[in-house]
Each structure stands twice: as structure tokens, then as C-alpha cells.
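Q: First the structure, then my questions, so here it is.
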Amino acid sequence: MLKMTWFLRGAHANEWTGEDFDEAVRAFRLDATATVNNLGMDTERNAVFFEQFIDPIGVRLVEEGRAEVTAGNDWSTAIGPIMVSVTTAA
């Protein structure tokens, strides 16, 4: 079982619990995208924010996060104003 928490500095925090890293990435991307869309940025800025922050964290989550948690370690990363952390949940 996985527990993921993520923070968008000054705007939002959330957590997710589940068993699959692909689900974790989907949950993160959906929630982060919805949060960014609600910040009132124009379409171009939303796209840039996704490309520079949300998408790279999703990639790291699948690649680095999966490897670390599978090895029994906690994992976290931050890019710009977003931080994500994954641990095994009891």
C-alpha cells in the first residue's frame, strides 16, 4: 500500500492512498491540473506549468519513486513550487 502526499506552495495540499504507482500518477496529475486550472492562470501559463512542473514530477514518480519504494525506502521530489512524497502505508 502506498501513501502519497503532494503540495503546491501557497495553494493546495492533498494526499492519496492506493496500491499502484500508475494510479498515483493519475491521481497526482488530475488533482494538480485541477488545482492549477483553479488558480486563474491563462491557458498558455497552465500549459507551461504542466510541462515544467506537473509532467516531470509524474515521470519521476513512476521511475524514481517506484524504484525507491519497492526497495523499501521513502521517496520525495520537488520541482519549482510542487513537492511530492511517497511512503509505504501501514
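As shown in the C-alpha cells, the chain order sets the letters A, B, ...; within each chain, residues go from 1, and ligands are also counted from 1 in the order they appear.
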Just asking: which residues within chain A are alpha helix (DSSP H) according to DSSP, as a count of residues only?

A: 35

Q: Would you pick out the contacts of Asp20 of chain A at 12 Å or less, using only C-alpha atoms, so that residues sharing its chain but fewer than 5 positions from it are not included, and give the list as a PyMOL selection string?

A: chain A and resi 1-4+25-27+61-62+65-66+69-70+86+88

Q: Atom CA of Val36 of chain A to atom CA of Trp16 of chain A: how many Å, to one decimal?

A: 17.9 Å

Q: If we count only C-alpha atoms, what is near Val59 of chain A at a cut-off of 12 Å, once residues fewer than 2 positions away on the same chain are taken out, given as a VMD selection string?

A: chain A and resid 21 to 22 24 to 26 28 to 29 51 to 57 61 to 66 77 79 84

Q: Given the selection you just returned, output its residues as a file containing N, CA and C atoms, formatted as a CSV table (one decimal), in the first residue's frame.

A:
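This went into out_37.csv:
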```csv
chain,number,residue,atom,x,y,z
A,21,PHE,N,1.4,2.5,-8.6
A,21,PHE,CA,2.1,3.8,-9.0
A,21,PHE,C,1.4,4.4,-10.1
A,22,ASP,N,0.9,3.7,-11.1
A,22,ASP,CA,0.2,4.3,-12.2
A,22,ASP,C,-1.0,5.1,-11.7
A,24,ALA,N,-1.3,6.3,-8.8
A,24,ALA,CA,-0.8,7.5,-8.0
A,24,ALA,C,-0.5,8.6,-9.0
A,25,VAL,N,0.1,8.3,-10.1
A,25,VAL,CA,0.5,9.4,-11.1
A,25,VAL,C,-0.8,10.0,-11.7
A,26,ARG,N,-1.8,9.2,-12.0
A,26,ARG,CA,-3.1,9.7,-12.5
A,26,ARG,C,-3.7,10.6,-11.4
A,28,PHE,N,-2.3,12.2,-8.9
A,28,PHE,CA,-1.5,13.5,-8.8
A,28,PHE,C,-1.8,14.4,-10.0
A,29,ARG,N,-1.7,13.9,-11.2
A,29,ARG,CA,-1.9,14.7,-12.4
A,29,ARG,C,-3.3,15.4,-12.4
A,51,GLU,N,3.9,21.4,-18.3
A,51,GLU,CA,5.1,20.9,-18.9
A,51,GLU,C,6.3,21.0,-18.0
A,52,GLN,N,6.5,22.1,-17.3
A,52,GLN,CA,7.6,22.4,-16.5
A,52,GLN,C,7.6,21.7,-15.1
A,53,PHE,N,6.4,21.5,-14.5
A,53,PHE,CA,6.3,21.0,-13.2
A,53,PHE,C,5.5,19.7,-13.0
A,54,ILE,N,4.3,19.7,-13.5
A,54,ILE,CA,3.4,18.5,-13.2
A,54,ILE,C,3.9,17.3,-14.0
A,55,ASP,N,4.2,17.4,-15.3
A,55,ASP,CA,4.6,16.3,-16.1
A,55,ASP,C,5.9,15.7,-15.6
A,56,PRO,N,7.0,16.5,-15.3
A,56,PRO,CA,8.2,15.9,-14.9
A,56,PRO,C,8.1,15.2,-13.5
A,57,ILE,N,7.3,15.7,-12.6
A,57,ILE,CA,7.1,15.1,-11.4
A,57,ILE,C,6.4,13.7,-11.6
A,61,LEU,N,7.9,10.2,-10.4
A,61,LEU,CA,7.2,9.4,-9.5
A,61,LEU,C,7.1,7.9,-10.0
A,62,VAL,N,6.9,7.8,-11.3
A,62,VAL,CA,6.9,6.4,-11.9
A,62,VAL,C,8.3,5.8,-11.9
A,63,GLU,N,9.3,6.5,-12.3
A,63,GLU,CA,10.6,5.9,-12.5
A,63,GLU,C,11.4,5.9,-11.1
A,64,GLU,N,11.6,7.0,-10.5
A,64,GLU,CA,12.4,7.0,-9.3
A,64,GLU,C,11.6,6.5,-8.1
A,65,GLY,N,10.4,7.1,-7.9
A,65,GLY,CA,9.6,6.7,-6.8
A,65,GLY,C,9.3,5.3,-6.7
A,66,ARG,N,8.9,4.7,-7.8
A,66,ARG,CA,8.6,3.2,-7.8
A,66,ARG,C,9.8,2.4,-7.3
A,77,THR,N,10.4,14.3,-4.1
A,77,THR,CA,11.0,15.2,-5.1
A,77,THR,C,10.3,16.5,-5.0
A,79,ILE,N,9.9,20.1,-7.7
A,79,ILE,CA,10.3,20.9,-8.8
A,79,ILE,C,9.5,22.2,-8.7
A,84,VAL,N,6.4,16.3,-3.9
A,84,VAL,CA,5.6,15.1,-3.8
A,84,VAL,C,6.5,14.1,-2.9
```

Q: Quick one: residues within 7 Å of Leu8 of chain A, only C-alpha atoms counted, chain neighbours fewer than 6 positions away excluded, as a list in words?

A: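 That gives Pro81, Ile82 and Met83 of chain A.
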
Q: Those selected residues, please, written with all heavy atoms and delivered as a PDB file, in the first residue's frame.

A:
```pdb
ATOM      1  N   PRO A  81       7.398  24.933  -7.442  1.00  0.00           N
ATOM      2  CA  PRO A  81       6.548  25.073  -6.266  1.00  0.00           C
ATOM      3  C   PRO A  81       5.831  23.784  -5.845  1.00  0.00           C
ATOM      4  O   PRO A  81       4.976  23.805  -4.976  1.00  0.00           O
ATOM      5  CB  PRO A  81       5.528  26.118  -6.719  1.00  0.00           C
ATOM      6  CG  PRO A  81       5.375  25.844  -8.174  1.00  0.00           C
ATOM      7  CD  PRO A  81       6.767  25.476  -8.641  1.00  0.00           C
ATOM      8  N   ILE A  82       6.172  22.642  -6.464  1.00  0.00           N
ATOM      9  CA  ILE A  82       5.481  21.393  -6.145  1.00  0.00           C
ATOM     10  C   ILE A  82       6.432  20.412  -5.479  1.00  0.00           C
ATOM     11  O   ILE A  82       7.551  20.211  -5.932  1.00  0.00           O
ATOM     12  CB  ILE A  82       4.887  20.742  -7.402  1.00  0.00           C
ATOM     13  CG1 ILE A  82       3.913  21.683  -8.089  1.00  0.00           C
ATOM     14  CG2 ILE A  82       4.207  19.418  -7.059  1.00  0.00           C
ATOM     15  CD1 ILE A  82       3.358  21.153  -9.401  1.00  0.00           C
ATOM     16  N   MET A  83       5.967  19.784  -4.400  1.00  0.00           N
ATOM     17  CA  MET A  83       6.714  18.729  -3.723  1.00  0.00           C
ATOM     18  C   MET A  83       5.811  17.508  -3.604  1.00  0.00           C
ATOM     19  O   MET A  83       4.622  17.629  -3.280  1.00  0.00           O
ATOM     20  CB  MET A  83       7.151  19.145  -2.339  1.00  0.00           C
ATOM     21  CG  MET A  83       7.953  18.085  -1.637  1.00  0.00           C
ATOM     22  SD  MET A  83       8.400  18.588   0.019  1.00  0.00           S
ATOM     23  CE  MET A  83       8.427  17.006   0.795  1.00  0.00           C
TER      24      MET A  83
END
```

Q: Could you give me, as a ChimeraX atom specification, each residue of chain A that DSSP assigns to strand (DSSP E) when run on this structure's backbone?

A: /A:2-8,12-18,75-79,82-88

Q: May I ask which of the residues A:Ser85, A:Asn46, A:Asn37, A:Ala78 is the closest one to Asn14 of chain A, counting only C-alpha atoms?

A: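 Closest candidate: A:Ser85.
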
Q: Do you have the atom CA of Ala67 of chain A-atom CA of Ala90 of chain A distance handy?

A: 18.7 Å

Q: Work out how far atom CA of Trp75 of chain A is from atom CA of Thr87 of chain A, in Å to one decimal.

A: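 Taking atom CA of Thr87 of chain A and atom CA of Trp75 of chain A, their separation equals 6.6 Å.
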
Q: When distances are computed from only C-alpha atoms, which of A:Ala47, A:Ala32, A:Ala71, A:Ala89 shows the smallest separation from Arg9 of chain A?

A: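 Nearest candidate to Arg9 of chain A out of A:Ala47, A:Ala32, A:Ala71, A:Ala89: A:Ala32.
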